[in-house]
$ cat query38.pdb   # PDB, C-alpha atoms and all ligand atoms
ATOM      1  CA  MET O 592    -129.199  72.614  58.673  1.00  0.00           C
ATOM      2  CA  GLN O 593    -129.202  72.162  62.441  1.00  0.00           C
ATOM      3  CA  GLN O 594    -127.547  74.928  64.371  1.00  0.00           C
ATOM      4  CA  GLN O 595    -124.311  74.025  66.062  1.00  0.00           C
ATOM      5  CA  GLY O 596    -124.494  73.274  69.767  1.00  0.00           C
ATOM      6  CA  PHE O 597    -121.822  74.173  72.283  1.00  0.00           C
ATOM      7  CA  VAL O 598    -121.119  74.159  75.992  1.00  0.00           C
ATOM      8  CA  ILE O 599    -120.266  77.261  77.980  1.00  0.00           C
ATOM      9  CA  TRP O 600    -118.546  75.891  81.051  1.00  0.00           C
ATOM     10  CA  PHE O 601    -118.208  78.258  84.007  1.00  0.00           C
ATOM     11  CA  THR O 602    -115.732  77.603  86.762  1.00  0.00           C
ATOM     12  CA  GLY O 603    -115.014  79.727  89.820  1.00  0.00           C
ATOM     13  CA  LEU O 604    -115.514  80.100  93.549  1.00  0.00           C
ATOM     14  CA  SER O 605    -118.901  80.266  95.188  1.00  0.00           C
ATOM     15  CA  GLY O 606    -120.071  83.856  94.822  1.00  0.00           C
ATOM     16  CA  ALA O 607    -117.840  84.573  91.827  1.00  0.00           C
ATOM     17  CA  GLY O 608    -120.955  85.212  89.716  1.00  0.00           C
ATOM     18  CA  LYS O 609    -121.338  82.051  87.624  1.00  0.00           C
ATOM     19  CA  THR O 610    -125.111  81.810  88.056  1.00  0.00           C
ATOM     20  CA  THR O 611    -125.717  85.536  87.654  1.00  0.00           C
ATOM     21  CA  ILE O 612    -123.777  85.734  84.384  1.00  0.00           C
ATOM     22  CA  SER O 613    -125.376  82.484  83.177  1.00  0.00           C
ATOM     23  CA  HIS O 614    -128.847  83.964  83.534  1.00  0.00           C
ATOM     24  CA  ILE O 615    -127.906  86.959  81.401  1.00  0.00           C
ATOM     25  CA  LEU O 616    -126.314  84.724  78.788  1.00  0.00           C
ATOM     26  CA  GLU O 617    -129.314  82.422  78.733  1.00  0.00           C
ATOM     27  CA  GLU O 618    -131.579  85.318  77.859  1.00  0.00           C
ATOM     28  CA  ARG O 619    -129.219  86.784  75.267  1.00  0.00           C
ATOM     29  CA  LEU O 620    -128.667  83.446  73.532  1.00  0.00           C
ATOM     30  CA  ARG O 621    -132.388  82.758  73.408  1.00  0.00           C
ATOM     31  CA  ALA O 622    -132.957  86.177  71.890  1.00  0.00           C
ATOM     32  CA  ALA O 623    -130.396  85.279  69.233  1.00  0.00           C
ATOM     33  CA  GLY O 624    -132.430  82.195  68.324  1.00  0.00           C
ATOM     34  CA  HIS O 625    -130.558  79.443  70.158  1.00  0.00           C
ATOM     35  CA  ASN O 626    -132.178  76.632  72.043  1.00  0.00           C
ATOM     36  CA  VAL O 627    -130.656  77.022  75.486  1.00  0.00           C
ATOM     37  CA  GLU O 628    -130.417  74.792  78.553  1.00  0.00           C
ATOM     38  CA  SER O 629    -128.721  75.644  81.813  1.00  0.00           C
ATOM     39  CA  LEU O 630    -127.203  73.138  84.177  1.00  0.00           C
ATOM     40  CA  ASP O 631    -126.593  74.962  87.432  1.00  0.00           C
ATOM     41  CA  GLY O 632    -124.416  73.200  89.967  1.00  0.00           C
ATOM     42  CA  ASP O 633    -126.698  73.925  92.923  1.00  0.00           C
ATOM     43  CA  VAL O 634    -129.808  72.854  90.999  1.00  0.00           C
ATOM     44  CA  VAL O 635    -128.195  69.663  89.692  1.00  0.00           C
ATOM     45  CA  ARG O 636    -127.279  68.722  93.252  1.00  0.00           C
ATOM     46  CA  THR O 637    -130.988  68.680  94.131  1.00  0.00           C
ATOM     47  CA  ASN O 638    -131.907  66.177  91.400  1.00  0.00           C
ATOM     48  CA  LEU O 639    -129.399  64.504  89.058  1.00  0.00           C
ATOM     49  CA  SER O 640    -126.699  64.471  91.731  1.00  0.00           C
ATOM     50  CA  LYS O 641    -128.883  64.323  94.834  1.00  0.00           C
ATOM     51  CA  GLY O 642    -127.077  62.626  97.684  1.00  0.00           C
ATOM     52  CA  LEU O 643    -123.580  63.407  96.471  1.00  0.00           C
ATOM     53  CA  GLY O 644    -121.266  65.192  98.882  1.00  0.00           C
ATOM     54  CA  PHE O 645    -118.164  67.295  98.473  1.00  0.00           C
ATOM     55  CA  SER O 646    -115.325  64.782  98.569  1.00  0.00           C
ATOM     56  CA  ARG O 647    -113.085  64.794  95.516  1.00  0.00           C
ATOM     57  CA  GLU O 648    -114.802  61.645  94.281  1.00  0.00           C
ATOM     58  CA  ASP O 649    -118.321  63.020  94.682  1.00  0.00           C
ATOM     59  CA  ARG O 650    -117.403  66.366  93.161  1.00  0.00           C
ATOM     60  CA  ASP O 651    -115.896  64.567  90.167  1.00  0.00           C
ATOM     61  CA  THR O 652    -118.997  62.403  89.779  1.00  0.00           C
ATOM     62  CA  ASN O 653    -121.169  65.518  89.844  1.00  0.00           C
ATOM     63  CA  ILE O 654    -119.055  67.236  87.186  1.00  0.00           C
ATOM     64  CA  ARG O 655    -118.956  64.122  84.974  1.00  0.00           C
ATOM     65  CA  ARG O 656    -122.763  63.884  85.131  1.00  0.00           C
ATOM     66  CA  ILE O 657    -123.166  67.520  84.181  1.00  0.00           C
ATOM     67  CA  GLY O 658    -120.632  67.019  81.389  1.00  0.00           C
ATOM     68  CA  PHE O 659    -122.450  63.947  80.107  1.00  0.00           C
ATOM     69  CA  VAL O 660    -125.823  65.680  79.909  1.00  0.00           C
ATOM     70  CA  ALA O 661    -124.235  68.785  78.384  1.00  0.00           C
ATOM     71  CA  HIS O 662    -122.643  66.594  75.725  1.00  0.00           C
ATOM     72  CA  LEU O 663    -125.975  64.980  74.812  1.00  0.00           C
ATOM     73  CA  LEU O 664    -127.645  68.354  74.522  1.00  0.00           C
ATOM     74  CA  ALA O 665    -124.859  70.079  72.610  1.00  0.00           C
ATOM     75  CA  ARG O 666    -124.662  67.351  70.003  1.00  0.00           C
ATOM     76  CA  ASN O 667    -128.337  68.024  69.328  1.00  0.00           C
ATOM     77  CA  GLY O 668    -127.761  71.667  68.659  1.00  0.00           C
ATOM     78  CA  VAL O 669    -128.442  73.111  72.099  1.00  0.00           C
ATOM     79  CA  ALA O 670    -126.448  75.970  73.600  1.00  0.00           C
ATOM     80  CA  VAL O 671    -125.673  74.621  77.065  1.00  0.00           C
ATOM     81  CA  ILE O 672    -124.564  76.739  80.003  1.00  0.00           C
ATOM     82  CA  CYS O 673    -123.012  74.888  82.935  1.00  0.00           C
ATOM     83  CA  SER O 674    -122.305  76.708  86.152  1.00  0.00           C
ATOM     84  CA  ALA O 675    -120.742  74.575  88.815  1.00  0.00           C
ATOM     85  CA  ILE O 676    -117.625  75.397  90.835  1.00  0.00           C
ATOM     86  CA  SER O 677    -115.799  72.507  89.095  1.00  0.00           C
ATOM     87  CA  PRO O 678    -112.675  72.987  91.187  1.00  0.00           C
ATOM     88  CA  TYR O 679    -110.419  70.349  89.640  1.00  0.00           C
ATOM     89  CA  ARG O 680    -108.453  71.081  86.492  1.00  0.00           C
ATOM     90  CA  SER O 681    -108.163  67.478  85.361  1.00  0.00           C
ATOM     91  CA  THR O 682    -111.910  66.864  85.645  1.00  0.00           C
ATOM     92  CA  ARG O 683    -112.646  69.974  83.588  1.00  0.00           C
ATOM     93  CA  ALA O 684    -110.148  68.714  80.996  1.00  0.00           C
ATOM     94  CA  GLU O 685    -111.983  65.391  80.922  1.00  0.00           C
ATOM     95  CA  VAL O 686    -115.277  67.136  80.178  1.00  0.00           C
ATOM     96  CA  ARG O 687    -113.592  69.266  77.517  1.00  0.00           C
ATOM     97  CA  SER O 688    -112.336  66.183  75.736  1.00  0.00           C
ATOM     98  CA  LEU O 689    -115.765  64.516  75.927  1.00  0.00           C
ATOM     99  CA  ILE O 690    -117.461  67.523  74.371  1.00  0.00           C
ATOM    100  CA  GLY O 691    -114.653  68.377  71.982  1.00  0.00           C
ATOM    101  CA  ASP O 692    -112.416  71.414  71.861  1.00  0.00           C
ATOM    102  CA  ASN O 693    -114.412  73.127  69.121  1.00  0.00           C
ATOM    103  CA  ASN O 694    -117.627  73.201  71.109  1.00  0.00           C
ATOM    104  CA  PHE O 695    -116.320  73.774  74.616  1.00  0.00           C
ATOM    105  CA  ILE O 696    -115.860  77.231  76.066  1.00  0.00           C
ATOM    106  CA  GLU O 697    -114.304  77.389  79.490  1.00  0.00           C
ATOM    107  CA  VAL O 698    -115.159  80.619  81.284  1.00  0.00           C
ATOM    108  CA  TYR O 699    -113.233  81.479  84.407  1.00  0.00           C
ATOM    109  CA  ALA O 700    -115.354  83.597  86.749  1.00  0.00           C
ATOM    110  CA  ASP O 701    -112.490  85.143  88.656  1.00  0.00           C
ATOM    111  CA  CYS O 702    -113.037  87.057  91.862  1.00  0.00           C
ATOM    112  CA  PRO O 703    -110.942  87.327  95.035  1.00  0.00           C
ATOM    113  CA  ILE O 704    -112.363  85.146  97.767  1.00  0.00           C
ATOM    114  CA  GLU O 705    -112.585  88.132 100.167  1.00  0.00           C
ATOM    115  CA  ILE O 706    -115.044  89.730  97.725  1.00  0.00           C
ATOM    116  CA  CYS O 707    -116.989  86.509  97.059  1.00  0.00           C
ATOM    117  CA  ALA O 708    -117.477  86.187 100.815  1.00  0.00           C
ATOM    118  CA  THR O 709    -119.230  89.578 100.970  1.00  0.00           C
ATOM    119  CA  ARG O 710    -121.731  88.938  98.185  1.00  0.00           C
ATOM    120  CA  ASP O 711    -125.493  88.584  98.489  1.00  0.00           C
ATOM    121  CA  GLY O 712    -126.499  85.198  99.777  1.00  0.00           C
ATOM    122  CA  LYS O 713    -122.920  84.068 100.368  1.00  0.00           C
ATOM    123  CA  VAL O 714    -121.884  85.819 103.591  1.00  0.00           C
ATOM    124  CA  GLU O 715    -123.308  83.290 106.010  1.00  0.00           C
ATOM    125  CA  MET O 716    -121.945  80.332 104.057  1.00  0.00           C
ATOM    126  CA  TYR O 717    -118.412  81.703 104.067  1.00  0.00           C
ATOM    127  CA  GLU O 718    -118.655  82.572 107.769  1.00  0.00           C
ATOM    128  CA  LYS O 719    -119.807  79.050 108.560  1.00  0.00           C
ATOM    129  CA  ALA O 720    -117.035  77.624 106.391  1.00  0.00           C
ATOM    130  CA  ARG O 721    -114.447  79.734 108.219  1.00  0.00           C
ATOM    131  CA  ARG O 722    -115.795  78.527 111.572  1.00  0.00           C
ATOM    132  CA  GLY O 723    -115.572  74.950 110.331  1.00  0.00           C
ATOM    133  CA  GLU O 724    -119.347  74.480 110.445  1.00  0.00           C
ATOM    134  CA  ILE O 725    -119.392  73.692 106.733  1.00  0.00           C
ATOM    135  CA  LYS O 726    -116.621  71.287 105.803  1.00  0.00           C
ATOM    136  CA  GLU O 727    -114.883  70.905 102.459  1.00  0.00           C
ATOM    137  CA  PHE O 728    -115.760  74.416 101.356  1.00  0.00           C
ATOM    138  CA  THR O 729    -113.991  75.433  98.154  1.00  0.00           C
ATOM    139  CA  GLY O 730    -111.359  78.099  98.697  1.00  0.00           C
ATOM    140  CA  VAL O 731    -111.592  77.844 102.488  1.00  0.00           C
ATOM    141  CA  SER O 732    -111.070  74.206 103.388  1.00  0.00           C
ATOM    142  CA  ASP O 733    -111.073  72.542  99.957  1.00  0.00           C
ATOM    143  CA  PRO O 734    -108.966  73.162  96.864  1.00  0.00           C
ATOM    144  CA  TYR O 735    -109.732  75.324  93.878  1.00  0.00           C
ATOM    145  CA  GLU O 736    -107.521  74.960  90.821  1.00  0.00           C
ATOM    146  CA  PRO O 737    -107.941  78.003  88.562  1.00  0.00           C
ATOM    147  CA  PRO O 738    -107.777  77.426  84.814  1.00  0.00           C
ATOM    148  CA  GLN O 739    -104.374  78.169  83.280  1.00  0.00           C
ATOM    149  CA  GLN O 740    -105.743  79.022  79.847  1.00  0.00           C
ATOM    150  CA  PRO O 741    -109.475  79.644  80.030  1.00  0.00           C
ATOM    151  CA  ASP O 742    -111.193  80.486  76.755  1.00  0.00           C
ATOM    152  CA  VAL O 743    -112.721  83.518  78.465  1.00  0.00           C
ATOM    153  CA  HIS O 744    -111.475  85.121  81.677  1.00  0.00           C
ATOM    154  CA  VAL O 745    -113.984  87.399  83.375  1.00  0.00           C
ATOM    155  CA  ARG O 746    -113.026  89.425  86.438  1.00  0.00           C
ATOM    156  CA  THR O 747    -116.238  89.952  88.319  1.00  0.00           C
ATOM    157  CA  ASN O 748    -114.751  92.290  90.925  1.00  0.00           C
ATOM    158  CA  THR O 749    -113.852  94.853  88.251  1.00  0.00           C
ATOM    159  CA  GLU O 750    -116.568  94.381  85.620  1.00  0.00           C
ATOM    160  CA  THR O 751    -120.345  94.130  85.751  1.00  0.00           C
ATOM    161  CA  ALA O 752    -122.175  90.868  85.136  1.00  0.00           C
ATOM    162  CA  HIS O 753    -123.459  92.321  81.850  1.00  0.00           C
ATOM    163  CA  GLU O 754    -119.923  93.133  80.751  1.00  0.00           C
ATOM    164  CA  SER O 755    -118.820  89.611  81.605  1.00  0.00           C
ATOM    165  CA  ALA O 756    -121.711  88.146  79.624  1.00  0.00           C
ATOM    166  CA  GLN O 757    -120.743  90.356  76.705  1.00  0.00           C
ATOM    167  CA  HIS O 758    -117.173  89.011  76.784  1.00  0.00           C
ATOM    168  CA  VAL O 759    -118.544  85.503  76.463  1.00  0.00           C
ATOM    169  CA  LEU O 760    -120.814  86.518  73.575  1.00  0.00           C
ATOM    170  CA  ASP O 761    -117.905  88.240  71.821  1.00  0.00           C
ATOM    171  CA  HIS O 762    -115.869  85.083  72.144  1.00  0.00           C
ATOM    172  CA  LEU O 763    -118.707  82.978  70.724  1.00  0.00           C
ATOM    173  CA  ALA O 764    -118.990  85.390  67.802  1.00  0.00           C
ATOM    174  CA  GLU O 765    -115.242  85.159  67.150  1.00  0.00           C
ATOM    175  CA  ARG O 766    -115.559  81.398  66.984  1.00  0.00           C
ATOM    176  CA  SER O 767    -118.609  81.652  64.713  1.00  0.00           C
ATOM    177  CA  LEU O 768    -120.753  79.888  67.283  1.00  0.00           C
ATOM    178  CA  LEU O 769    -123.329  82.659  67.629  1.00  0.00           C
ATOM    179  CA  ARG O 770    -126.411  82.264  65.548  1.00  0.00           C
ATOM    180  CA  GLU O 771    -126.694  85.915  64.651  1.00  0.00           C
ATOM    181  CA  PRO O 772    -124.429  88.840  65.437  1.00  0.00           C
ATOM    182  CA  ALA O 773    -126.136  89.554  68.750  1.00  0.00           C
ATOM    183  CA  ALA O 774    -122.803  90.311  70.295  1.00  0.00           C
ATOM    184  CA  SER O 775    -123.177  94.067  70.251  1.00  0.00           C
ATOM    185  CA  ARG O 776    -126.861  94.245  71.067  1.00  0.00           C
ATOM    186  CA  ALA O 777    -127.642  96.261  74.191  1.00  0.00           C
ATOM    187  CA  SER O 778    -129.090  94.175  76.989  1.00  0.00           C
TER     188      SER O 778
HETATM  189  P1  LIG O 801    -121.919  81.672  91.910  1.00  0.00           P
HETATM  190  O1  LIG O 801    -122.928  81.061  90.981  1.00  0.00           O
HETATM  191  O2  LIG O 801    -120.560  81.821  91.268  1.00  0.00           O
HETATM  192  O3  LIG O 801    -121.869  81.045  93.255  1.00  0.00           O
HETATM  193  P2  LIG O 801    -123.811  83.787  92.111  1.00  0.00           P
HETATM  194  O4  LIG O 801    -124.053  84.315  90.731  1.00  0.00           O
HETATM  195  O5  LIG O 801    -124.799  82.849  92.709  1.00  0.00           O
HETATM  196  O6  LIG O 801    -122.341  83.182  92.152  1.00  0.00           O
HETATM  197  O7  LIG O 801    -123.660  84.998  93.113  1.00  0.00           O
HETATM  198  C1  LIG O 801    -122.884  86.127  92.823  1.00  0.00           C
HETATM  199  C2  LIG O 801    -123.450  87.315  93.603  1.00  0.00           C
HETATM  200  O8  LIG O 801    -122.595  88.439  93.360  1.00  0.00           O
HETATM  201  C3  LIG O 801    -124.833  87.711  93.138  1.00  0.00           C
HETATM  202  O9  LIG O 801    -125.548  88.148  94.261  1.00  0.00           O
HETATM  203  C4  LIG O 801    -124.561  88.882  92.191  1.00  0.00           C
HETATM  204  O10 LIG O 801    -125.628  89.805  92.135  1.00  0.00           O
HETATM  205  C5  LIG O 801    -123.343  89.527  92.840  1.00  0.00           C
HETATM  206  N1  LIG O 801    -122.462  90.252  91.921  1.00  0.00           N
HETATM  207  C6  LIG O 801    -121.964  91.476  92.154  1.00  0.00           C
HETATM  208  N2  LIG O 801    -121.180  91.890  91.153  1.00  0.00           N
HETATM  209  C7  LIG O 801    -121.183  90.913  90.221  1.00  0.00           C
HETATM  210  C8  LIG O 801    -120.550  90.758  88.952  1.00  0.00           C
HETATM  211  N3  LIG O 801    -119.754  91.714  88.432  1.00  0.00           N
HETATM  212  N4  LIG O 801    -120.756  89.601  88.270  1.00  0.00           N
HETATM  213  C9  LIG O 801    -121.544  88.639  88.807  1.00  0.00           C
HETATM  214  N5  LIG O 801    -122.155  88.713  89.998  1.00  0.00           N
HETATM  215  C10 LIG O 801    -121.980  89.852  90.717  1.00  0.00           C
END
$ encode --input "query38.pdb" --output "structure tokens" --more "lines below"
Ligand code: ADP
Amino acid sequence: MQQQGFVIWFTGLSGAGKTTISHILEERLRAAGHNVESLDGDVVRTNLSKGLGFSREDRDTNIRRIGFVAHLLARNGVAVICSAISPYRSTRAEVRSLIGDNNFIEVYADCPIEICATRDGKVEMYEKARRGEIKEFTGVSDPYEPPQQPDVHVRTNTETAHESAQHVLDHLAERSLLREPAASRAS
């Protein structure tokens, strides 16, 4: 029997930790025997969504493309991890309904913007956004709509990335989506 695929869908501000937690999850899921693919927002914007900007329309197109590919992969048994800001609630809901409630796990990487703006690799971007040198920057000059009922809510200012990854794994185990009980394995 083919293993069940699913989509772990991160949402959160730039610097909230989506990519960092995704990398840990990718490794843990592989170790548990899943076929894993990651669709990182920044990476997708250099290929699949090259040329798209940050207007609402372009952001939605980017998210729909990621959702479409994730859907194809998940229905073939792959554990898919998507980490894009995905700022709009209704667009995330659209992707959820494409993939199906049973196989879609929305993870809210929650972190105050003042902390995100101090994190490695993010300081300059936030400073430029504040000065208006980068336009349409989520949380500064562009909207972010936090999930009202995420499947998993991780608070990256008060827990480590490994703890956040573990919360996601625990949730997968609860929903019987994990291939083996890797949830308590030390990482
Ligand atoms: P995003 O993908 O959401 O833009 P990144 O994962 O690229 O965020 O960057 C988050 C930065 O914050 C990384 O440099 C990471 O090492 C750091 N960081 C510090 N604490 C945490 C934490 N608890 N969870 C995730 N990332 C953290």
$ resolve_selection --input "query38.pdb" --expression "the PyMOL selection byres (((chain O and resi 741-756) around 6) and not hetatm)" --output "list of chain:residue names"
O:Ile612, O:Leu616, O:Ile696, O:Glu697, O:Val698, O:Tyr699, O:Ala700, O:Asp701, O:Cys702, O:Pro738, O:Gln740, O:Gln757, O:His758, O:Val759
$ resolve_selection --input "query38.pdb" --expression "the PyMOL selection byres (((chain O and resi 655-666) around 7) and not hetatm)" --output "PDB file with C-alpha atoms, in the coordinates of the input"
ATOM      1  CA  GLY O 596    -124.494  73.274  69.767  1.00  0.00           C
ATOM      2  CA  PHE O 597    -121.822  74.173  72.283  1.00  0.00           C
ATOM      3  CA  VAL O 598    -121.119  74.159  75.992  1.00  0.00           C
ATOM      4  CA  LEU O 630    -127.203  73.138  84.177  1.00  0.00           C
ATOM      5  CA  ASP O 651    -115.896  64.567  90.167  1.00  0.00           C
ATOM      6  CA  THR O 652    -118.997  62.403  89.779  1.00  0.00           C
ATOM      7  CA  ASN O 653    -121.169  65.518  89.844  1.00  0.00           C
ATOM      8  CA  ILE O 654    -119.055  67.236  87.186  1.00  0.00           C
ATOM      9  CA  ASN O 667    -128.337  68.024  69.328  1.00  0.00           C
ATOM     10  CA  GLY O 668    -127.761  71.667  68.659  1.00  0.00           C
ATOM     11  CA  VAL O 669    -128.442  73.111  72.099  1.00  0.00           C
ATOM     12  CA  ALA O 670    -126.448  75.970  73.600  1.00  0.00           C
ATOM     13  CA  VAL O 671    -125.673  74.621  77.065  1.00  0.00           C
ATOM     14  CA  VAL O 686    -115.277  67.136  80.178  1.00  0.00           C
ATOM     15  CA  ILE O 690    -117.461  67.523  74.371  1.00  0.00           C
TER      16      ILE O 690
END
$ residues_around --input "query38.pdb" --residues "Lys713 of chain O" --least-positions-apart "3" --cutoff "12 Å" --atoms "all atoms listed in the file" --output "ChimeraX atom specification"
/O:604-608,704-710,716-720
$ resolve_selection --input "query38.pdb" --expression "the PyMOL selection byres (((chain O and resi 732) around 12) and not hetatm)" --output "PyMOL selection string"
chain O and resi 645-646+717+719-731+733-735
$ closest_residue --input "query38.pdb" --among "O:Ala675, O:Glu617, O:Arg650, O:Thr637" --to "ligand LIG 801 (chain O)" --atoms "only C-alpha atoms and all ligand atoms"
O:Ala675
$ closest_residue --input "query38.pdb" --among "O:Asp711, O:Asp761, O:Glu736, O:Asp692" --to "ligand LIG 801 (chain O)" --atoms "only C-alpha atoms and all ligand atoms"
O:Asp711
$ closest_residue --input "query38.pdb" --among "O:Gly603, O:Pro678, O:Gly691, O:Gly644" --to "ligand LIG 801 (chain O)" --atoms "all atoms listed in the file"
O:Gly603
$ atom_distance --input "query38.pdb" --atom1 "atom O5 of ligand LIG 801 (chain O)" --atom2 "atom CA of Ile615 of chain O"
12.4 Å
$ atom_distance --input "query38.pdb" --atom1 "atom CA of Ala623 of chain O" --atom2 "atom CA of Glu771 of chain O"
5.9 Å
